[in-house]
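> The structure file start-v1.cif (mmCIF, N, CA and C atoms) is provided below.
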data_upload
loop_
_atom_site.label_atom_id
_atom_site.label_comp_id
_atom_site.auth_asym_id
_atom_site.auth_seq_id
_atom_site.Cartn_x
_atom_site.Cartn_y
_atom_site.Cartn_z
N MET A 83 0.84 -1.17 0.00
CA MET A 83 0.00 0.00 0.00
C MET A 83 0.89 1.24 0.00
N LYS A 84 0.45 2.25 -0.73
CA LYS A 84 1.20 3.49 -0.85
C LYS A 84 0.29 4.65 -0.45
N ARG A 85 0.89 5.73 0.05
CA ARG A 85 0.13 6.90 0.50
C ARG A 85 0.52 8.12 -0.33
N PHE A 86 -0.50 8.89 -0.71
CA PHE A 86 -0.31 10.17 -1.38
C PHE A 86 -1.01 11.23 -0.54
N CYS A 87 -0.41 12.41 -0.45
CA CYS A 87 -1.02 13.52 0.29
C CYS A 87 -1.04 14.75 -0.61
N PHE A 88 -2.16 15.47 -0.55
CA PHE A 88 -2.37 16.63 -1.41
C PHE A 88 -2.97 17.77 -0.60
N SER A 89 -2.89 18.98 -1.15
CA SER A 89 -3.52 20.14 -0.52
C SER A 89 -4.22 20.97 -1.59
N CYS A 90 -5.28 21.64 -1.17
CA CYS A 90 -6.06 22.53 -2.03
C CYS A 90 -6.75 23.53 -1.11
N ASP A 91 -7.01 24.71 -1.60
CA ASP A 91 -7.72 25.71 -0.81
C ASP A 91 -9.18 25.82 -1.24
N LEU A 92 -10.01 26.15 -0.28
CA LEU A 92 -11.38 26.55 -0.56
C LEU A 92 -11.42 28.07 -0.62
N LYS A 93 -12.41 28.60 -1.28
CA LYS A 93 -12.60 30.05 -1.27
C LYS A 93 -12.91 30.48 0.15
N GLU A 94 -12.37 31.62 0.55
CA GLU A 94 -12.57 32.09 1.93
C GLU A 94 -13.95 32.73 2.06
N ASP A 95 -14.95 31.85 2.20
CA ASP A 95 -16.33 32.27 2.32
C ASP A 95 -17.03 31.21 3.18
N SER A 96 -17.44 31.59 4.37
CA SER A 96 -17.99 30.61 5.32
C SER A 96 -19.21 29.88 4.76
N LYS A 97 -20.03 30.55 3.97
CA LYS A 97 -21.21 29.91 3.37
C LYS A 97 -20.77 28.82 2.38
N LEU A 98 -19.79 29.16 1.53
CA LEU A 98 -19.30 28.19 0.54
C LEU A 98 -18.60 27.02 1.23
N ILE A 99 -17.84 27.30 2.28
CA ILE A 99 -17.15 26.22 3.01
C ILE A 99 -18.19 25.28 3.63
N LYS A 100 -19.24 25.84 4.19
CA LYS A 100 -20.30 25.02 4.78
C LYS A 100 -20.96 24.13 3.72
N GLU A 101 -21.22 24.69 2.54
CA GLU A 101 -21.81 23.91 1.45
C GLU A 101 -20.86 22.81 1.00
N TYR A 102 -19.58 23.13 0.87
CA TYR A 102 -18.58 22.15 0.45
C TYR A 102 -18.54 20.98 1.43
N LYS A 103 -18.54 21.32 2.71
CA LYS A 103 -18.54 20.28 3.75
C LYS A 103 -19.79 19.42 3.66
N ALA A 104 -20.92 20.02 3.36
CA ALA A 104 -22.18 19.27 3.22
C ALA A 104 -22.09 18.27 2.06
N TYR A 105 -21.48 18.67 0.94
CA TYR A 105 -21.31 17.75 -0.19
C TYR A 105 -20.43 16.56 0.18
N HIS A 106 -19.54 16.75 1.15
CA HIS A 106 -18.59 15.71 1.54
C HIS A 106 -18.98 14.98 2.83
N ALA A 107 -20.14 15.30 3.39
CA ALA A 107 -20.60 14.62 4.60
C ALA A 107 -20.85 13.14 4.27
N GLU A 108 -20.81 12.32 5.30
CA GLU A 108 -20.99 10.88 5.11
C GLU A 108 -22.27 10.58 4.33
N GLY A 109 -22.11 9.82 3.25
CA GLY A 109 -23.25 9.42 2.43
C GLY A 109 -23.72 10.46 1.43
N LYS A 110 -23.07 11.61 1.35
CA LYS A 110 -23.52 12.69 0.47
C LYS A 110 -22.73 12.79 -0.84
N VAL A 111 -21.52 12.26 -0.87
CA VAL A 111 -20.75 12.29 -2.11
C VAL A 111 -21.47 11.40 -3.12
N TRP A 112 -21.61 11.88 -4.33
CA TRP A 112 -22.32 11.13 -5.36
C TRP A 112 -21.73 9.72 -5.48
N PRO A 113 -22.58 8.69 -5.61
CA PRO A 113 -22.08 7.31 -5.70
C PRO A 113 -21.14 7.10 -6.89
N GLU A 114 -21.37 7.80 -7.98
CA GLU A 114 -20.48 7.66 -9.15
C GLU A 114 -19.07 8.14 -8.83
N ILE A 115 -18.97 9.08 -7.91
CA ILE A 115 -17.65 9.62 -7.53
C ILE A 115 -16.91 8.61 -6.66
N THR A 116 -17.60 8.07 -5.66
CA THR A 116 -16.93 7.08 -4.81
C THR A 116 -16.57 5.83 -5.62
N LYS A 117 -17.41 5.46 -6.59
CA LYS A 117 -17.10 4.31 -7.45
C LYS A 117 -15.84 4.60 -8.27
N SER A 118 -15.75 5.79 -8.83
CA SER A 118 -14.58 6.12 -9.66
C SER A 118 -13.30 6.13 -8.82
N ILE A 119 -13.42 6.57 -7.57
CA ILE A 119 -12.27 6.57 -6.66
C ILE A 119 -11.80 5.14 -6.41
N LYS A 120 -12.74 4.27 -6.07
CA LYS A 120 -12.40 2.87 -5.78
C LYS A 120 -11.91 2.14 -7.02
N ASP A 121 -12.53 2.41 -8.18
CA ASP A 121 -12.13 1.76 -9.43
C ASP A 121 -10.70 2.10 -9.82
N ALA A 122 -10.19 3.23 -9.33
CA ALA A 122 -8.83 3.66 -9.66
C ALA A 122 -7.77 3.01 -8.78
N GLY A 123 -8.20 2.21 -7.79
CA GLY A 123 -7.24 1.57 -6.89
C GLY A 123 -7.00 2.35 -5.61
N ILE A 124 -7.88 3.30 -5.33
CA ILE A 124 -7.77 4.06 -4.08
C ILE A 124 -8.56 3.30 -3.01
N ILE A 125 -7.86 2.89 -1.97
CA ILE A 125 -8.44 2.08 -0.90
C ILE A 125 -9.12 2.96 0.13
N ASP A 126 -8.48 4.08 0.45
CA ASP A 126 -9.03 4.99 1.45
C ASP A 126 -8.66 6.41 1.04
N MET A 127 -9.58 7.34 1.30
CA MET A 127 -9.33 8.75 1.03
C MET A 127 -9.95 9.55 2.17
N GLN A 128 -9.17 10.46 2.71
CA GLN A 128 -9.65 11.33 3.78
C GLN A 128 -9.28 12.76 3.43
N ILE A 129 -10.19 13.69 3.73
CA ILE A 129 -9.90 15.11 3.53
C ILE A 129 -10.06 15.81 4.88
N TYR A 130 -9.06 16.60 5.23
CA TYR A 130 -9.07 17.37 6.46
C TYR A 130 -9.09 18.85 6.09
N LEU A 131 -9.67 19.67 6.97
CA LEU A 131 -9.82 21.09 6.70
C LEU A 131 -9.38 21.90 7.91
N THR A 132 -8.60 22.95 7.65
CA THR A 132 -8.28 23.95 8.68
C THR A 132 -8.42 25.31 8.01
N GLY A 133 -9.27 26.14 8.54
CA GLY A 133 -9.56 27.41 7.87
C GLY A 133 -10.16 27.12 6.51
N ASN A 134 -9.45 27.55 5.46
CA ASN A 134 -9.91 27.22 4.11
C ASN A 134 -8.92 26.29 3.38
N ARG A 135 -7.93 25.78 4.11
CA ARG A 135 -6.93 24.88 3.50
C ARG A 135 -7.29 23.43 3.79
N MET A 136 -7.31 22.64 2.72
CA MET A 136 -7.64 21.22 2.84
C MET A 136 -6.40 20.36 2.62
N PHE A 137 -6.42 19.19 3.25
CA PHE A 137 -5.39 18.19 3.09
C PHE A 137 -6.06 16.87 2.79
N MET A 138 -5.63 16.22 1.72
CA MET A 138 -6.18 14.92 1.32
C MET A 138 -5.12 13.85 1.51
N ILE A 139 -5.53 12.75 2.12
CA ILE A 139 -4.65 11.59 2.28
C ILE A 139 -5.29 10.43 1.54
N MET A 140 -4.54 9.84 0.62
CA MET A 140 -5.03 8.70 -0.16
C MET A 140 -4.14 7.49 0.10
N GLU A 141 -4.77 6.38 0.41
CA GLU A 141 -4.09 5.09 0.49
C GLU A 141 -4.48 4.33 -0.76
N VAL A 142 -3.48 3.86 -1.51
CA VAL A 142 -3.76 3.21 -2.79
C VAL A 142 -3.14 1.81 -2.84
N ASP A 143 -3.70 0.98 -3.72
CA ASP A 143 -3.11 -0.34 -3.91
C ASP A 143 -2.13 -0.30 -5.09
N GLU A 144 -1.61 -1.46 -5.44
CA GLU A 144 -0.57 -1.53 -6.48
C GLU A 144 -1.10 -1.22 -7.88
N THR A 145 -2.43 -1.20 -8.06
CA THR A 145 -2.99 -0.91 -9.39
C THR A 145 -3.12 0.58 -9.65
N PHE A 146 -2.95 1.42 -8.62
CA PHE A 146 -3.17 2.85 -8.79
C PHE A 146 -2.09 3.49 -9.65
N ASP A 147 -2.54 4.30 -10.60
CA ASP A 147 -1.65 5.08 -11.46
C ASP A 147 -2.29 6.46 -11.61
N PRO A 148 -1.61 7.52 -11.13
CA PRO A 148 -2.21 8.85 -11.19
C PRO A 148 -2.58 9.30 -12.61
N ASN A 149 -1.77 8.93 -13.59
CA ASN A 149 -2.07 9.31 -14.97
C ASN A 149 -3.31 8.57 -15.48
N LYS A 150 -3.42 7.30 -15.13
CA LYS A 150 -4.59 6.52 -15.52
C LYS A 150 -5.84 7.08 -14.84
N LYS A 151 -5.72 7.46 -13.57
CA LYS A 151 -6.85 8.05 -12.83
C LYS A 151 -7.30 9.34 -13.51
N ALA A 152 -6.36 10.19 -13.91
CA ALA A 152 -6.70 11.44 -14.59
C ALA A 152 -7.43 11.17 -15.90
N GLN A 153 -6.99 10.15 -16.63
CA GLN A 153 -7.63 9.76 -17.89
C GLN A 153 -9.04 9.25 -17.63
N MET A 154 -9.17 8.38 -16.61
CA MET A 154 -10.49 7.84 -16.26
C MET A 154 -11.45 8.98 -15.90
N ASP A 155 -10.96 9.95 -15.11
CA ASP A 155 -11.79 11.07 -14.69
C ASP A 155 -12.24 11.91 -15.89
N ALA A 156 -11.32 12.18 -16.81
CA ALA A 156 -11.62 13.00 -17.98
C ALA A 156 -12.67 12.36 -18.87
N ASN A 157 -12.76 11.02 -18.82
CA ASN A 157 -13.71 10.29 -19.65
C ASN A 157 -14.98 9.90 -18.92
N ASN A 158 -15.14 10.38 -17.70
CA ASN A 158 -16.33 10.05 -16.90
C ASN A 158 -17.17 11.32 -16.73
N PRO A 159 -18.31 11.42 -17.43
CA PRO A 159 -19.11 12.64 -17.38
C PRO A 159 -19.54 13.05 -15.96
N LYS A 160 -19.81 12.09 -15.09
CA LYS A 160 -20.23 12.43 -13.72
C LYS A 160 -19.05 13.02 -12.93
N VAL A 161 -17.86 12.49 -13.12
CA VAL A 161 -16.68 13.04 -12.45
C VAL A 161 -16.41 14.44 -12.97
N VAL A 162 -16.53 14.64 -14.28
CA VAL A 162 -16.33 15.97 -14.86
C VAL A 162 -17.35 16.95 -14.27
N GLU A 163 -18.60 16.51 -14.17
CA GLU A 163 -19.65 17.35 -13.59
C GLU A 163 -19.35 17.69 -12.13
N TRP A 164 -18.94 16.69 -11.35
CA TRP A 164 -18.59 16.88 -9.94
C TRP A 164 -17.44 17.86 -9.80
N GLU A 165 -16.38 17.66 -10.58
CA GLU A 165 -15.21 18.53 -10.49
C GLU A 165 -15.56 19.97 -10.86
N LYS A 166 -16.41 20.14 -11.86
CA LYS A 166 -16.85 21.49 -12.24
C LYS A 166 -17.63 22.12 -11.08
N LEU A 167 -18.51 21.35 -10.45
CA LEU A 167 -19.27 21.84 -9.30
C LEU A 167 -18.34 22.20 -8.14
N MET A 168 -17.37 21.33 -7.84
CA MET A 168 -16.46 21.57 -6.72
C MET A 168 -15.57 22.79 -6.97
N TRP A 169 -15.29 23.09 -8.23
CA TRP A 169 -14.45 24.25 -8.56
C TRP A 169 -15.14 25.55 -8.15
N ASN A 170 -16.47 25.51 -7.94
CA ASN A 170 -17.18 26.69 -7.42
C ASN A 170 -16.75 27.01 -5.99
N TYR A 171 -16.22 26.00 -5.29
CA TYR A 171 -15.83 26.14 -3.89
C TYR A 171 -14.32 26.21 -3.71
N GLN A 172 -13.60 25.60 -4.62
CA GLN A 172 -12.15 25.49 -4.49
C GLN A 172 -11.45 26.64 -5.20
N GLN A 173 -10.20 26.87 -4.79
CA GLN A 173 -9.35 27.82 -5.50
C GLN A 173 -7.93 27.28 -5.50
N GLU A 174 -7.16 27.75 -6.44
CA GLU A 174 -5.79 27.29 -6.57
C GLU A 174 -4.95 27.76 -5.39
N LEU A 175 -4.01 26.93 -4.98
CA LEU A 175 -3.01 27.38 -4.03
C LEU A 175 -2.19 28.48 -4.70
N PRO A 176 -1.65 29.42 -3.93
CA PRO A 176 -0.91 30.54 -4.53
C PRO A 176 0.21 30.11 -5.48
N TRP A 177 0.82 28.95 -5.27
CA TRP A 177 1.95 28.51 -6.09
C TRP A 177 1.54 27.47 -7.14
N ALA A 178 0.23 27.23 -7.28
CA ALA A 178 -0.26 26.25 -8.26
C ALA A 178 -0.17 26.81 -9.67
N LYS A 179 -0.06 25.88 -10.62
CA LYS A 179 -0.14 26.26 -12.02
C LYS A 179 -1.61 26.55 -12.33
N LYS A 180 -1.87 27.31 -13.37
CA LYS A 180 -3.24 27.68 -13.75
C LYS A 180 -4.10 26.42 -13.91
N GLY A 181 -5.24 26.40 -13.21
CA GLY A 181 -6.17 25.28 -13.30
C GLY A 181 -5.80 24.08 -12.45
N GLU A 182 -4.68 24.11 -11.75
CA GLU A 182 -4.22 22.99 -10.93
C GLU A 182 -4.89 23.08 -9.56
N LYS A 183 -5.59 22.01 -9.18
CA LYS A 183 -6.34 22.01 -7.92
C LYS A 183 -5.51 21.42 -6.79
N TRP A 184 -5.53 20.12 -6.71
CA TRP A 184 -4.87 19.42 -5.63
C TRP A 184 -3.38 19.29 -5.93
N ILE A 185 -2.55 19.81 -5.03
CA ILE A 185 -1.10 19.81 -5.20
C ILE A 185 -0.49 18.75 -4.27
N ALA A 186 0.39 17.92 -4.83
CA ALA A 186 1.05 16.89 -4.05
C ALA A 186 1.91 17.52 -2.96
N LEU A 187 1.84 16.95 -1.77
CA LEU A 187 2.65 17.42 -0.64
C LEU A 187 3.97 16.66 -0.61
N GLU A 188 5.01 17.34 -0.21
CA GLU A 188 6.33 16.75 -0.05
C GLU A 188 6.48 16.26 1.39
N LYS A 189 6.77 14.97 1.55
CA LYS A 189 6.99 14.46 2.91
C LYS A 189 8.38 14.91 3.35
N ILE A 190 8.42 15.59 4.50
CA ILE A 190 9.71 16.09 5.00
C ILE A 190 10.10 15.48 6.33
N PHE A 191 9.22 14.65 6.91
CA PHE A 191 9.55 13.99 8.18
C PHE A 191 8.74 12.72 8.32
N GLN A 192 9.37 11.71 8.92
CA GLN A 192 8.68 10.48 9.27
C GLN A 192 9.34 9.92 10.52
N LEU A 193 8.54 9.51 11.48
CA LEU A 193 9.04 8.94 12.72
C LEU A 193 9.26 7.45 12.53
#
Take the structure I supplied and represent it as structure tokens, if you would.

Amino acid sequence: MKRFCFSCDLKEDSKLIKEYKAYHAEGKVWPEITKSIKDAGIIDMQIYLTGNRMFMIMEVDETFDPNKKAQMDANNPKVVEWEKLMWNYQQELPWAKKGEKWIALEKIFQL
């Protein structure tokens, strides 16, 4: 099993943050989205929030390939729809490239 960690910001608007959290509450994420996540070899995914900064932790199996996942997402109309909807709440990190949402985190310590 391998772990990936990412970060993304939400727009600094308490109403939008509340709505975003509601979309991600237990049982509220569209079933097509959770299916696409699992189909890509992602075993577990967690998102944490502090202020408007989010951190995502993904545990993946040996079949996971980030490029393949991106291709699968681009060809899945429900994932495209979800990502477009989520972009209403999300914003790029200050150092992100144009249109880049979730940025991979660099591990700098491990006990």
> So which one's closest to Val161 in chain A, A:Met127, A:Leu98, A:Leu92, A:Val111? Using only C-alpha atoms, please.
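Checking each candidate against Val161 in chain A, we get A:Val111 as the closest.
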> Excluding range 146-152 of chain A and residues on its chain fewer than 6 positions from it, collect all residues at most 7 Å away from it, counting only C-alpha atoms, and give them as a list of chain:residue names.
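These residues fall inside the cut-off: A:Ala122, A:Gly123, A:Ile124.
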> Give me the residues near Lys84 in chain A as a compact mmCIF listing (two decimals) with N, CA and C atoms, in the frame of the given file, where near means some atom within 6 Å (using all atoms listed in the file) and where sequence neighbours in that chain fewer than 2 positions away do not count.

# COMPACT_ATOMS: atom_id res chain seq x y z
N PHE A 86 -0.50 8.89 -0.71
CA PHE A 86 -0.31 10.17 -1.38
C PHE A 86 -1.01 11.23 -0.54
N MET A 140 -4.54 9.84 0.62
CA MET A 140 -5.03 8.70 -0.16
C MET A 140 -4.14 7.49 0.10
N GLU A 141 -4.77 6.38 0.41
CA GLU A 141 -4.09 5.09 0.49
C GLU A 141 -4.48 4.33 -0.76
N VAL A 142 -3.48 3.86 -1.51
CA VAL A 142 -3.76 3.21 -2.79
C VAL A 142 -3.14 1.81 -2.84
N ASP A 143 -3.70 0.98 -3.72
CA ASP A 143 -3.11 -0.34 -3.91
C ASP A 143 -2.13 -0.30 -5.09
> Would you please work out which residue, of A:Glu165, A:Ala178, A:Glu144, A:Lys100, is nearest to Met83 in chain A when using only N, CA and C atoms?
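Selected residue with least distance to Met83 in chain A: A:Glu144.
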> For a test of reading the model, state the distance in Å between atom C of Ser89 in chain A and atom N of Lys189 in chain A, rounded to one decimal.
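Computed distance, atom C of Ser89 in chain A to atom N of Lys189 in chain A, equals 12.9 Å.
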> Rounded to one decimal place, report the atom C of Lys93 in chain A-atom C of Asn134 in chain A distance in Å.
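Here the two named atoms are 6.6 Å from each other.
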> Hey, which of A:Gly133, A:Ala186, A:Thr145, A:Leu193 ends up closest to Ile99 in chain A? Count all atoms listed in the file.
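Checking each of A:Gly133, A:Ala186, A:Thr145, A:Leu193 against Ile99 in chain A, counting all atoms listed in the file, the winner is A:Gly133.
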> Just how far from CA of Cys87 in chain A is atom N of Phe191 in chain A, in Å to one decimal?
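Between atom N of Phe191 in chain A and CA of Cys87 in chain A the gap is 12.2 Å.
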> From a backbone DSSP assignment, name each residue in chain A labelled helix (DSSP H, G or I), as number ranges by chain.
A: 96-105, 113-121, 148-156, 159-168
> Can you patch up range 153-164 of chain A, filling it in to all heavy atoms, and show the result as a PDB file, in the frame of the given file?

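Output saved as part_17.pdb:
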ATOM      1  N   GLN A 153      -6.990  10.150 -16.630  1.00  0.00           N
ATOM      2  CA  GLN A 153      -7.630   9.760 -17.890  1.00  0.00           C
ATOM      3  C   GLN A 153      -9.040   9.250 -17.630  1.00  0.00           C
ATOM      4  O   GLN A 153      -9.988   9.606 -18.336  1.00  0.00           O
ATOM      5  CB  GLN A 153      -6.798   8.670 -18.557  1.00  0.00           C
ATOM      6  CG  GLN A 153      -6.500   8.916 -19.995  1.00  0.00           C
ATOM      7  CD  GLN A 153      -5.555   7.847 -20.531  1.00  0.00           C
ATOM      8  OE1 GLN A 153      -5.341   6.786 -19.944  1.00  0.00           O
ATOM      9  NE2 GLN A 153      -4.980   8.143 -21.680  1.00  0.00           N
ATOM     10  N   MET A 154      -9.170   8.380 -16.610  1.00  0.00           N
ATOM     11  CA  MET A 154     -10.490   7.840 -16.260  1.00  0.00           C
ATOM     12  C   MET A 154     -11.450   8.980 -15.900  1.00  0.00           C
ATOM     13  O   MET A 154     -12.601   8.988 -16.324  1.00  0.00           O
ATOM     14  CB  MET A 154     -10.373   6.867 -15.071  1.00  0.00           C
ATOM     15  CG  MET A 154      -9.691   5.557 -15.392  1.00  0.00           C
ATOM     16  SD  MET A 154      -9.279   4.588 -13.904  1.00  0.00           S
ATOM     17  CE  MET A 154     -10.894   4.299 -13.192  1.00  0.00           C
ATOM     18  N   ASP A 155     -10.960   9.950 -15.110  1.00  0.00           N
ATOM     19  CA  ASP A 155     -11.790  11.070 -14.690  1.00  0.00           C
ATOM     20  C   ASP A 155     -12.240  11.910 -15.890  1.00  0.00           C
ATOM     21  O   ASP A 155     -13.402  12.309 -15.977  1.00  0.00           O
ATOM     22  CB  ASP A 155     -11.047  11.956 -13.693  1.00  0.00           C
ATOM     23  CG  ASP A 155     -10.867  11.297 -12.338  1.00  0.00           C
ATOM     24  OD1 ASP A 155     -11.470  10.234 -12.094  1.00  0.00           O
ATOM     25  OD2 ASP A 155     -10.114  11.860 -11.518  1.00  0.00           O
ATOM     26  N   ALA A 156     -11.320  12.180 -16.810  1.00  0.00           N
ATOM     27  CA  ALA A 156     -11.620  13.000 -17.980  1.00  0.00           C
ATOM     28  C   ALA A 156     -12.670  12.360 -18.870  1.00  0.00           C
ATOM     29  O   ALA A 156     -13.410  13.056 -19.569  1.00  0.00           O
ATOM     30  CB  ALA A 156     -10.343  13.278 -18.766  1.00  0.00           C
ATOM     31  N   ASN A 157     -12.760  11.020 -18.820  1.00  0.00           N
ATOM     32  CA  ASN A 157     -13.710  10.290 -19.650  1.00  0.00           C
ATOM     33  C   ASN A 157     -14.980   9.900 -18.920  1.00  0.00           C
ATOM     34  O   ASN A 157     -15.800   9.148 -19.457  1.00  0.00           O
ATOM     35  CB  ASN A 157     -13.034   9.034 -20.231  1.00  0.00           C
ATOM     36  CG  ASN A 157     -11.958   9.395 -21.237  1.00  0.00           C
ATOM     37  OD1 ASN A 157     -12.173  10.244 -22.094  1.00  0.00           O
ATOM     38  ND2 ASN A 157     -10.801   8.773 -21.118  1.00  0.00           N
ATOM     39  N   ASN A 158     -15.140  10.380 -17.700  1.00  0.00           N
ATOM     40  CA  ASN A 158     -16.330  10.050 -16.900  1.00  0.00           C
ATOM     41  C   ASN A 158     -17.170  11.320 -16.730  1.00  0.00           C
ATOM     42  O   ASN A 158     -16.790  12.225 -15.979  1.00  0.00           O
ATOM     43  CB  ASN A 158     -15.892   9.494 -15.541  1.00  0.00           C
ATOM     44  CG  ASN A 158     -17.047   9.052 -14.679  1.00  0.00           C
ATOM     45  OD1 ASN A 158     -18.125   9.642 -14.712  1.00  0.00           O
ATOM     46  ND2 ASN A 158     -16.823   8.026 -13.879  1.00  0.00           N
ATOM     47  N   PRO A 159     -18.310  11.420 -17.430  1.00  0.00           N
ATOM     48  CA  PRO A 159     -19.110  12.640 -17.380  1.00  0.00           C
ATOM     49  C   PRO A 159     -19.540  13.050 -15.960  1.00  0.00           C
ATOM     50  O   PRO A 159     -19.603  14.245 -15.661  1.00  0.00           O
ATOM     51  CB  PRO A 159     -20.336  12.317 -18.238  1.00  0.00           C
ATOM     52  CG  PRO A 159     -19.938  11.151 -19.080  1.00  0.00           C
ATOM     53  CD  PRO A 159     -18.886  10.411 -18.316  1.00  0.00           C
ATOM     54  N   LYS A 160     -19.810  12.090 -15.090  1.00  0.00           N
ATOM     55  CA  LYS A 160     -20.230  12.430 -13.720  1.00  0.00           C
ATOM     56  C   LYS A 160     -19.050  13.020 -12.930  1.00  0.00           C
ATOM     57  O   LYS A 160     -19.244  13.940 -12.144  1.00  0.00           O
ATOM     58  CB  LYS A 160     -20.795  11.209 -12.984  1.00  0.00           C
ATOM     59  CG  LYS A 160     -22.243  10.933 -13.273  1.00  0.00           C
ATOM     60  CD  LYS A 160     -23.111  12.172 -13.087  1.00  0.00           C
ATOM     61  CE  LYS A 160     -24.172  12.029 -12.060  1.00  0.00           C
ATOM     62  NZ  LYS A 160     -25.143  13.131 -12.057  1.00  0.00           N
ATOM     63  N   VAL A 161     -17.860  12.490 -13.120  1.00  0.00           N
ATOM     64  CA  VAL A 161     -16.680  13.040 -12.450  1.00  0.00           C
ATOM     65  C   VAL A 161     -16.410  14.440 -12.970  1.00  0.00           C
ATOM     66  O   VAL A 161     -16.124  15.353 -12.183  1.00  0.00           O
ATOM     67  CB  VAL A 161     -15.445  12.122 -12.630  1.00  0.00           C
ATOM     68  CG1 VAL A 161     -14.189  12.794 -12.097  1.00  0.00           C
ATOM     69  CG2 VAL A 161     -15.666  10.783 -11.933  1.00  0.00           C
ATOM     70  N   VAL A 162     -16.530  14.640 -14.280  1.00  0.00           N
ATOM     71  CA  VAL A 162     -16.330  15.970 -14.860  1.00  0.00           C
ATOM     72  C   VAL A 162     -17.350  16.950 -14.270  1.00  0.00           C
ATOM     73  O   VAL A 162     -17.008  18.071 -13.892  1.00  0.00           O
ATOM     74  CB  VAL A 162     -16.420  15.915 -16.401  1.00  0.00           C
ATOM     75  CG1 VAL A 162     -16.441  17.311 -17.007  1.00  0.00           C
ATOM     76  CG2 VAL A 162     -15.263  15.099 -16.978  1.00  0.00           C
ATOM     77  N   GLU A 163     -18.600  16.510 -14.170  1.00  0.00           N
ATOM     78  CA  GLU A 163     -19.650  17.350 -13.590  1.00  0.00           C
ATOM     79  C   GLU A 163     -19.350  17.690 -12.130  1.00  0.00           C
ATOM     80  O   GLU A 163     -19.492  18.835 -11.689  1.00  0.00           O
ATOM     81  CB  GLU A 163     -21.001  16.629 -13.698  1.00  0.00           C
ATOM     82  CG  GLU A 163     -22.172  17.404 -13.159  1.00  0.00           C
ATOM     83  CD  GLU A 163     -23.485  16.624 -13.214  1.00  0.00           C
ATOM     84  OE1 GLU A 163     -23.537  15.520 -13.790  1.00  0.00           O
ATOM     85  OE2 GLU A 163     -24.474  17.132 -12.642  1.00  0.00           O
ATOM     86  N   TRP A 164     -18.940  16.690 -11.350  1.00  0.00           N
ATOM     87  CA  TRP A 164     -18.590  16.880  -9.940  1.00  0.00           C
ATOM     88  C   TRP A 164     -17.440  17.860  -9.800  1.00  0.00           C
ATOM     89  O   TRP A 164     -17.478  18.778  -8.979  1.00  0.00           O
ATOM     90  CB  TRP A 164     -18.249  15.533  -9.313  1.00  0.00           C
ATOM     91  CG  TRP A 164     -17.743  15.595  -7.904  1.00  0.00           C
ATOM     92  CD1 TRP A 164     -16.434  15.639  -7.498  1.00  0.00           C
ATOM     93  CD2 TRP A 164     -18.519  15.626  -6.704  1.00  0.00           C
ATOM     94  NE1 TRP A 164     -16.350  15.681  -6.137  1.00  0.00           N
ATOM     95  CE2 TRP A 164     -17.623  15.673  -5.608  1.00  0.00           C
ATOM     96  CE3 TRP A 164     -19.890  15.607  -6.439  1.00  0.00           C
ATOM     97  CZ2 TRP A 164     -18.040  15.706  -4.287  1.00  0.00           C
ATOM     98  CZ3 TRP A 164     -20.303  15.640  -5.112  1.00  0.00           C
ATOM     99  CH2 TRP A 164     -19.395  15.691  -4.050  1.00  0.00           C
TER     100      TRP A 164
END
